[in-house]
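Have a look at target34.cif below; it lists mmCIF, C-alpha atoms.
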data_entry
loop_
_atom_site.label_atom_id
_atom_site.label_comp_id
_atom_site.auth_asym_id
_atom_site.auth_seq_id
_atom_site.Cartn_x
_atom_site.Cartn_y
_atom_site.Cartn_z
CA MET A 1 4.51 7.08 -23.67
CA SER A 2 2.39 8.87 -21.11
CA GLU A 3 3.87 9.22 -17.67
CA LYS A 4 2.87 6.60 -15.14
CA ARG A 5 1.97 7.65 -11.64
CA LEU A 6 2.79 6.15 -8.25
CA ALA A 7 1.05 7.23 -5.07
CA ILE A 8 2.30 6.11 -1.67
CA ILE A 9 0.99 6.62 1.84
CA ALA A 10 3.83 6.36 4.36
CA THR A 11 2.59 5.73 7.89
CA LYS A 12 5.56 4.22 9.72
CA GLY A 13 8.32 6.06 11.53
CA THR A 14 10.98 3.45 12.23
CA LEU A 15 14.35 3.06 10.55
CA ASP A 16 13.44 -0.20 8.81
CA TRP A 17 10.08 1.05 7.57
CA ALA A 18 11.58 4.27 6.28
CA TYR A 19 13.13 2.33 3.44
CA PRO A 20 10.19 0.98 1.40
CA PRO A 21 8.60 4.37 0.62
CA PHE A 22 11.89 6.08 -0.26
CA ILE A 23 13.29 3.15 -2.26
CA LEU A 24 10.11 2.73 -4.27
CA ALA A 25 9.60 6.45 -4.77
CA SER A 26 13.16 7.13 -5.93
CA THR A 27 13.26 4.07 -8.19
CA ALA A 28 9.88 4.83 -9.74
CA ALA A 29 11.05 8.38 -10.41
CA ALA A 30 14.16 6.97 -12.11
CA LEU A 31 11.89 4.85 -14.29
CA GLY A 32 10.00 7.95 -15.35
CA TYR A 33 7.05 7.78 -12.98
CA GLN A 34 5.49 10.85 -11.49
CA VAL A 35 5.49 10.16 -7.74
CA GLN A 36 3.72 11.54 -4.70
CA VAL A 37 4.19 10.35 -1.14
CA PHE A 38 1.70 11.28 1.54
CA PHE A 39 3.25 11.14 5.03
CA THR A 40 0.85 10.66 7.90
CA PHE A 41 1.00 9.72 11.57
CA TYR A 42 4.42 8.23 12.41
CA GLY A 43 5.47 8.56 8.79
CA LEU A 44 5.94 12.28 9.51
CA GLN A 45 9.19 11.35 11.27
CA LEU A 46 10.64 10.61 7.82
CA LEU A 47 10.30 14.28 6.87
CA LYS A 48 12.18 15.69 9.86
CA LYS A 49 15.26 17.77 9.02
CA LYS A 50 17.29 15.49 11.28
CA PRO A 51 15.39 12.22 11.36
CA ASP A 52 16.21 10.23 14.49
CA LEU A 53 14.90 6.88 13.35
CA LYS A 54 15.22 3.75 15.44
CA VAL A 55 14.63 0.08 15.00
CA THR A 56 13.33 -2.33 17.62
CA SER A 57 12.90 -6.08 17.84
CA LEU A 58 10.02 -5.66 20.30
CA GLY A 59 6.80 -6.90 18.79
CA ASN A 60 8.82 -8.01 15.79
CA PRO A 61 9.81 -11.68 16.14
CA GLY A 62 10.87 -11.70 12.49
CA MET A 63 13.85 -9.45 13.07
CA PRO A 64 17.08 -11.41 12.63
CA MET A 65 19.13 -11.29 15.83
CA PRO A 66 22.84 -12.03 16.19
CA MET A 67 21.91 -14.37 19.05
CA PRO A 68 18.64 -15.64 20.52
CA MET A 69 17.44 -13.30 23.24
CA PRO A 70 14.37 -13.42 25.52
CA VAL A 71 11.88 -10.64 24.87
CA LEU A 72 12.26 -9.25 28.40
CA LEU A 73 15.96 -8.75 27.78
CA GLN A 74 15.23 -6.99 24.51
CA ALA A 75 13.16 -4.48 26.48
CA LEU A 76 16.06 -3.37 28.69
CA PRO A 77 17.18 0.27 28.54
CA GLY A 78 19.77 0.85 25.85
CA MET A 79 18.73 -2.14 23.77
CA GLN A 80 16.88 -0.07 21.19
CA GLY A 81 19.86 2.22 20.74
CA MET A 82 22.16 -0.76 20.40
CA MET A 83 19.96 -2.47 17.81
CA THR A 84 19.65 0.75 15.84
CA HIS A 85 23.41 1.17 15.88
CA MET A 86 23.95 -2.42 14.75
CA MET A 87 21.38 -2.11 11.98
CA LYS A 88 23.00 1.09 10.69
CA GLN A 89 26.44 -0.51 10.74
CA LYS A 90 25.12 -3.52 8.88
CA MET A 91 23.47 -1.37 6.24
CA LYS A 92 26.62 0.65 5.75
CA SER A 93 28.75 -2.46 5.34
CA LYS A 94 26.33 -3.85 2.73
CA GLY A 95 26.25 -0.68 0.67
CA VAL A 96 22.66 0.16 1.54
CA ALA A 97 21.91 3.86 1.19
CA SER A 98 21.06 5.92 4.26
CA VAL A 99 17.50 7.15 4.63
CA GLU A 100 18.68 10.74 4.21
CA GLU A 101 20.50 9.82 1.00
CA LEU A 102 17.43 8.15 -0.49
CA ARG A 103 15.24 11.03 0.58
CA GLU A 104 17.60 13.49 -1.09
CA MET A 105 17.43 11.44 -4.29
CA CYS A 106 13.65 11.58 -4.12
CA ARG A 107 13.85 15.34 -3.79
CA GLU A 108 16.24 15.63 -6.72
CA ALA A 109 13.89 13.49 -8.80
CA GLU A 110 11.02 15.81 -7.92
CA VAL A 111 9.06 13.30 -5.90
CA LYS A 112 6.32 15.34 -4.30
CA MET A 113 6.18 14.90 -0.53
CA ILE A 114 3.04 15.84 1.28
CA ALA A 115 2.71 15.99 5.05
CA CYS A 116 -0.68 15.29 6.53
CA GLN A 117 -1.68 18.58 8.12
CA MET A 118 -4.05 16.92 10.58
CA THR A 119 -1.34 14.71 12.10
CA VAL A 120 1.19 17.57 12.08
CA ASP A 121 -1.28 19.44 14.31
CA LEU A 122 -2.17 16.35 16.33
CA PHE A 123 1.44 15.77 17.34
CA ASP A 124 2.13 19.51 17.86
CA MET A 125 4.83 19.40 15.23
CA SER A 126 6.03 22.55 13.54
CA ARG A 127 6.65 23.09 9.85
CA GLU A 128 10.14 24.24 10.81
CA ASP A 129 10.92 20.67 11.88
CA PHE A 130 10.52 19.42 8.33
CA ILE A 131 12.75 19.59 5.28
CA ASP A 132 12.11 22.27 2.68
CA GLY A 133 9.84 21.53 -0.22
CA VAL A 134 7.28 19.58 1.78
CA GLU A 135 3.69 20.45 0.97
CA TYR A 136 0.84 20.24 3.45
CA GLY A 137 -2.57 18.81 2.81
CA GLY A 138 -5.26 16.36 3.75
CA ALA A 139 -7.01 13.29 2.45
CA ALA A 140 -8.62 15.16 -0.43
CA THR A 141 -5.18 16.37 -1.56
CA PHE A 142 -3.97 12.79 -1.61
CA PHE A 143 -6.90 11.58 -3.70
CA GLU A 144 -6.42 14.32 -6.25
CA PHE A 145 -3.24 12.55 -7.31
CA ALA A 146 -3.97 8.98 -6.17
CA GLY A 147 -7.24 8.91 -8.08
CA GLU A 148 -5.28 9.23 -11.31
CA SER A 149 -2.46 6.90 -10.26
CA ASP A 150 -1.44 3.58 -11.80
CA ILE A 151 -0.04 2.19 -8.56
CA CYS A 152 -1.16 3.11 -5.07
CA LEU A 153 0.56 1.75 -1.98
CA PHE A 154 -0.11 1.97 1.73
CA ILE A 155 3.06 1.45 3.72
CA MET B 156 33.76 -5.26 -24.49
CA SER B 157 32.91 -2.55 -26.96
CA ASP B 158 33.46 1.16 -26.58
CA PHE B 159 31.66 3.37 -24.15
CA ASP B 160 31.43 7.10 -23.52
CA GLN B 161 31.10 7.16 -19.76
CA GLU B 162 31.68 4.76 -16.93
CA LEU B 163 29.88 4.30 -13.64
CA ASP B 164 31.40 2.22 -10.88
CA ALA B 165 28.56 1.11 -8.63
CA SER B 166 30.62 -1.59 -6.92
CA GLY B 167 29.63 -2.21 -3.32
CA LEU B 168 26.34 -0.38 -3.71
CA ASN B 169 23.05 -2.08 -3.07
CA CYS B 170 19.52 -1.72 -4.42
CA PRO B 171 18.34 0.78 -5.56
CA LEU B 172 21.58 2.79 -5.72
CA PRO B 173 23.08 1.26 -8.91
CA ILE B 174 19.87 2.10 -10.81
CA LEU B 175 19.62 5.60 -9.34
CA ARG B 176 23.26 6.36 -10.09
CA ALA B 177 22.88 5.01 -13.63
CA LYS B 178 19.84 7.17 -14.18
CA LYS B 179 21.84 10.19 -13.01
CA SER B 180 24.76 9.38 -15.30
CA LEU B 181 22.47 8.86 -18.29
CA ALA B 182 20.80 12.20 -17.64
CA SER B 183 24.11 13.97 -18.29
CA MET B 184 24.74 12.07 -21.53
CA ASP B 185 23.55 12.57 -25.09
CA SER B 186 21.17 10.29 -26.90
CA GLY B 187 23.03 7.38 -28.51
CA GLN B 188 25.96 7.52 -26.10
CA VAL B 189 26.91 4.40 -24.19
CA LEU B 190 27.28 4.06 -20.42
CA ARG B 191 29.32 1.28 -18.92
CA ILE B 192 28.17 0.23 -15.47
CA ILE B 193 30.10 -1.91 -13.03
CA ALA B 194 28.10 -3.42 -10.16
CA THR B 195 28.52 -6.09 -7.51
CA ASP B 196 24.89 -6.38 -6.46
CA PRO B 197 23.58 -9.65 -7.97
CA GLY B 198 20.09 -8.15 -8.01
CA SER B 199 21.28 -5.49 -10.43
CA VAL B 200 21.24 -7.96 -13.34
CA LYS B 201 17.48 -8.28 -13.33
CA ASP B 202 17.06 -4.68 -12.30
CA PHE B 203 19.02 -3.25 -15.23
CA GLU B 204 17.03 -5.42 -17.63
CA ALA B 205 13.82 -4.05 -16.12
CA PHE B 206 15.21 -0.51 -16.12
CA ALA B 207 16.07 -0.76 -19.82
CA LYS B 208 12.67 -2.17 -20.69
CA GLN B 209 10.82 0.58 -18.88
CA THR B 210 12.93 3.57 -19.85
CA GLY B 211 13.67 2.70 -23.47
CA ASN B 212 17.44 2.83 -22.92
CA GLU B 213 18.97 -0.15 -24.64
CA LEU B 214 20.90 -2.76 -22.68
CA LEU B 215 23.53 -3.68 -25.27
CA GLU B 216 25.39 -6.21 -23.21
CA HIS B 217 25.74 -7.61 -19.76
CA ARG B 218 28.16 -10.13 -18.41
CA GLU B 219 29.84 -11.31 -15.27
CA GLU B 220 33.56 -10.99 -14.80
CA GLY B 221 35.46 -11.82 -11.64
CA GLY B 222 32.44 -11.43 -9.39
CA LYS B 223 31.46 -8.14 -10.98
CA PHE B 224 28.58 -7.42 -13.28
CA LEU B 225 29.30 -5.30 -16.33
CA PHE B 226 26.59 -3.57 -18.32
CA LEU B 227 26.62 -1.49 -21.46
CA MET B 228 23.62 0.74 -21.86
CA ARG B 229 22.85 3.04 -24.76
CA LYS B 230 20.88 6.14 -23.97
CA SER B 231 17.65 6.41 -25.94
#

What would the structure in this file look like if it were written as structure tokens?
Amino acid sequence: MSEKRLAIIATKGTLDWAYPPFILASTAAALGYQVQVFFTFYGLQLLKKKPDLKVTSLGNPGMPMPMPMPVLLQALPGMQGMMTHMMKQKMKSKGVASVEELREMCREAEVKMIACQMTVDLFDMSREDFIDGVEYGGAATFFEFAGESDICLFI
Amino acid sequence: MSDFDQELDASGLNCPLPILRAKKSLASMDSGQVLRIIATDPGSVKDFEAFAKQTGNELLEHREEGGKFLFLMRKS
């Protein structure tokens, strides 16, 4: 059985959107896939040593709220922090792994994580901000692996 | 339920943790040995079937008991 390959582009940097790439990457690795994730733009936040990921209901009418709340209220200072806190509590109580935990499992399973060098420069980020083991490259680097992949996802 | 060599209690854990923990446990076992997994995530039933199918590890048995899902998986 030849090894299947999964390629993912992770472009989002919020707490909720941190989950799909890490869940799929770690699970695919557990199923025997070779996996590469290319982190670009806001997705780079997921590679930070201490990721400070937040969730917001703004611009996201699909987010379940404990009570109906007008959008203007949702925009008040402190609301984002409160929602992030509530989401984290909820996840913990339901036995959902933390982002850091899933990321560590990806690392253990030798999921290759590539940071987009162009966006690292664009946002004046430093390689010291990121976890060890991250590789740096561009679009051509991504295609080298993605071109031979069985599944390719843009998240 | 028949004999097993190792047990993994994944109670309270949600997708994809039961699968990831099972994979880890299996990695430390020898071929032919049996892992017993206890889970509470209802999604794990379908997931362990899919995991077995894709990894070649054999799902010997699965059943529900008192709100828990019990699996026996033999390492390929």

Quick check: residues of chain B within 12 Å of chain A, all atoms listed in the file, returned as a PDB file with C-alpha atoms, keeping the file's coordinate frame.
ATOM      1  CA  ALA B 165      28.560   1.110  -8.630  1.00  0.00           C
ATOM      2  CA  SER B 166      30.620  -1.590  -6.920  1.00  0.00           C
ATOM      3  CA  GLY B 167      29.630  -2.210  -3.320  1.00  0.00           C
ATOM      4  CA  LEU B 168      26.340  -0.380  -3.710  1.00  0.00           C
ATOM      5  CA  ASN B 169      23.050  -2.080  -3.070  1.00  0.00           C
ATOM      6  CA  CYS B 170      19.520  -1.720  -4.420  1.00  0.00           C
ATOM      7  CA  PRO B 171      18.340   0.780  -5.560  1.00  0.00           C
ATOM      8  CA  LEU B 172      21.580   2.790  -5.720  1.00  0.00           C
ATOM      9  CA  PRO B 173      23.080   1.260  -8.910  1.00  0.00           C
ATOM     10  CA  ILE B 174      19.870   2.100 -10.810  1.00  0.00           C
ATOM     11  CA  LEU B 175      19.620   5.600  -9.340  1.00  0.00           C
ATOM     12  CA  ARG B 176      23.260   6.360 -10.090  1.00  0.00           C
ATOM     13  CA  ALA B 177      22.880   5.010 -13.630  1.00  0.00           C
ATOM     14  CA  LYS B 178      19.840   7.170 -14.180  1.00  0.00           C
ATOM     15  CA  LYS B 179      21.840  10.190 -13.010  1.00  0.00           C
ATOM     16  CA  SER B 180      24.760   9.380 -15.300  1.00  0.00           C
ATOM     17  CA  LEU B 181      22.470   8.860 -18.290  1.00  0.00           C
ATOM     18  CA  ALA B 182      20.800  12.200 -17.640  1.00  0.00           C
ATOM     19  CA  ALA B 194      28.100  -3.420 -10.160  1.00  0.00           C
ATOM     20  CA  THR B 195      28.520  -6.090  -7.510  1.00  0.00           C
ATOM     21  CA  ASP B 196      24.890  -6.380  -6.460  1.00  0.00           C
ATOM     22  CA  ASP B 202      17.060  -4.680 -12.300  1.00  0.00           C
ATOM     23  CA  PHE B 203      19.020  -3.250 -15.230  1.00  0.00           C
ATOM     24  CA  GLU B 204      17.030  -5.420 -17.630  1.00  0.00           C
ATOM     25  CA  ALA B 205      13.820  -4.050 -16.120  1.00  0.00           C
ATOM     26  CA  PHE B 206      15.210  -0.510 -16.120  1.00  0.00           C
ATOM     27  CA  ALA B 207      16.070  -0.760 -19.820  1.00  0.00           C
ATOM     28  CA  LYS B 208      12.670  -2.170 -20.690  1.00  0.00           C
ATOM     29  CA  GLN B 209      10.820   0.580 -18.880  1.00  0.00           C
ATOM     30  CA  THR B 210      12.930   3.570 -19.850  1.00  0.00           C
ATOM     31  CA  GLY B 211      13.670   2.700 -23.470  1.00  0.00           C
ATOM     32  CA  ASN B 212      17.440   2.830 -22.920  1.00  0.00           C
TER      33      ASN B 212
END

Can you sort out the box for region 202-215 of chain B, edges along x, y and z, all listed atoms in, 3 Å on every side, with centre and edge lengths in Å to one decimal, as JSON?
{"center_x": 17.2, "center_y": -0.9, "center_z": -18.8, "size_x": 18.7, "size_y": 15.0, "size_z": 19.0}

List the residues selected by the PyMOL selection byres ((chain A and resi 52-64) around 10) in the file shown, writing them as a PDB file with C-alpha atoms, in the frame of the given file.
ATOM      1  CA  GLY A  13       8.320   6.060  11.530  1.00  0.00           C
ATOM      2  CA  THR A  14      10.980   3.450  12.230  1.00  0.00           C
ATOM      3  CA  LEU A  15      14.350   3.060  10.550  1.00  0.00           C
ATOM      4  CA  ASP A  16      13.440  -0.200   8.810  1.00  0.00           C
ATOM      5  CA  TRP A  17      10.080   1.050   7.570  1.00  0.00           C
ATOM      6  CA  ALA A  18      11.580   4.270   6.280  1.00  0.00           C
ATOM      7  CA  GLN A  45       9.190  11.350  11.270  1.00  0.00           C
ATOM      8  CA  LEU A  46      10.640  10.610   7.820  1.00  0.00           C
ATOM      9  CA  LYS A  48      12.180  15.690   9.860  1.00  0.00           C
ATOM     10  CA  LYS A  49      15.260  17.770   9.020  1.00  0.00           C
ATOM     11  CA  LYS A  50      17.290  15.490  11.280  1.00  0.00           C
ATOM     12  CA  PRO A  51      15.390  12.220  11.360  1.00  0.00           C
ATOM     13  CA  MET A  65      19.130 -11.290  15.830  1.00  0.00           C
ATOM     14  CA  PRO A  66      22.840 -12.030  16.190  1.00  0.00           C
ATOM     15  CA  MET A  67      21.910 -14.370  19.050  1.00  0.00           C
ATOM     16  CA  PRO A  68      18.640 -15.640  20.520  1.00  0.00           C
ATOM     17  CA  VAL A  71      11.880 -10.640  24.870  1.00  0.00           C
ATOM     18  CA  LEU A  72      12.260  -9.250  28.400  1.00  0.00           C
ATOM     19  CA  GLN A  74      15.230  -6.990  24.510  1.00  0.00           C
ATOM     20  CA  ALA A  75      13.160  -4.480  26.480  1.00  0.00           C
ATOM     21  CA  MET A  79      18.730  -2.140  23.770  1.00  0.00           C
ATOM     22  CA  GLN A  80      16.880  -0.070  21.190  1.00  0.00           C
ATOM     23  CA  GLY A  81      19.860   2.220  20.740  1.00  0.00           C
ATOM     24  CA  MET A  82      22.160  -0.760  20.400  1.00  0.00           C
ATOM     25  CA  MET A  83      19.960  -2.470  17.810  1.00  0.00           C
ATOM     26  CA  THR A  84      19.650   0.750  15.840  1.00  0.00           C
ATOM     27  CA  HIS A  85      23.410   1.170  15.880  1.00  0.00           C
ATOM     28  CA  MET A  86      23.950  -2.420  14.750  1.00  0.00           C
ATOM     29  CA  MET A  87      21.380  -2.110  11.980  1.00  0.00           C
ATOM     30  CA  LYS A  88      23.000   1.090  10.690  1.00  0.00           C
ATOM     31  CA  VAL A  99      17.500   7.150   4.630  1.00  0.00           C
TER      32      VAL A  99
END

Quiz item: What lies within 12 Å of Phe39 (chain A) using all atoms listed in the file, ignoring chain neighbours under 6 positions off, as a PyMOL selection string?
Solution: chain A and resi 7-13+18+21-22+45-48+112-120+130+134-139+141-142+154-155

Quiz item: Mind pulling up the distance from CA of Ile192 (chain B) to CA of Gln161 (chain B)?
Solution: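 Distance reported for this atom pair: 8.7 Å.
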
Exercise. One decimal, Å: what's the distance from CA of Glu100 (chain A) over to CA of Tyr42 (chain A), could you say?
Key: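 Computed distance, CA of Glu100 (chain A) to CA of Tyr42 (chain A), equals 16.6 Å.
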
Exercise. Kindly indicate which residue among A:Glu110, A:Glu144, A:Asp150, A:Glu104 lies nearest to Ile131 (chain A), using all atoms listed in the file for the distances.
Key: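 Of A:Glu110, A:Glu144, A:Asp150, A:Glu104, the one nearest Ile131 (chain A) is A:Glu104, counting all atoms listed in the file.
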
Self-check item: Atomic separation - CA of Glu108 (chain A) relative to CA of Pro20 (chain A), Å
Solution: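 One can read the CA of Pro20 (chain A) to CA of Glu108 (chain A) distance as 17.8 Å.
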
Quiz item: What's the 8 Å shell around Leu190 (chain B), counting only C-alpha atoms, without same-chain residues fewer than 3 positions away, as number ranges by chain?
Solution: B: 159-163, 180-181, 226-230

Self-check item: Nearest candidate to Phe224 (chain B) (options B:Asp164, B:Ser186, B:Ile193, B:Gly198; using all atoms listed in the file)
Solution: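 Closest to Phe224 (chain B) of all the choices is B:Ile193.
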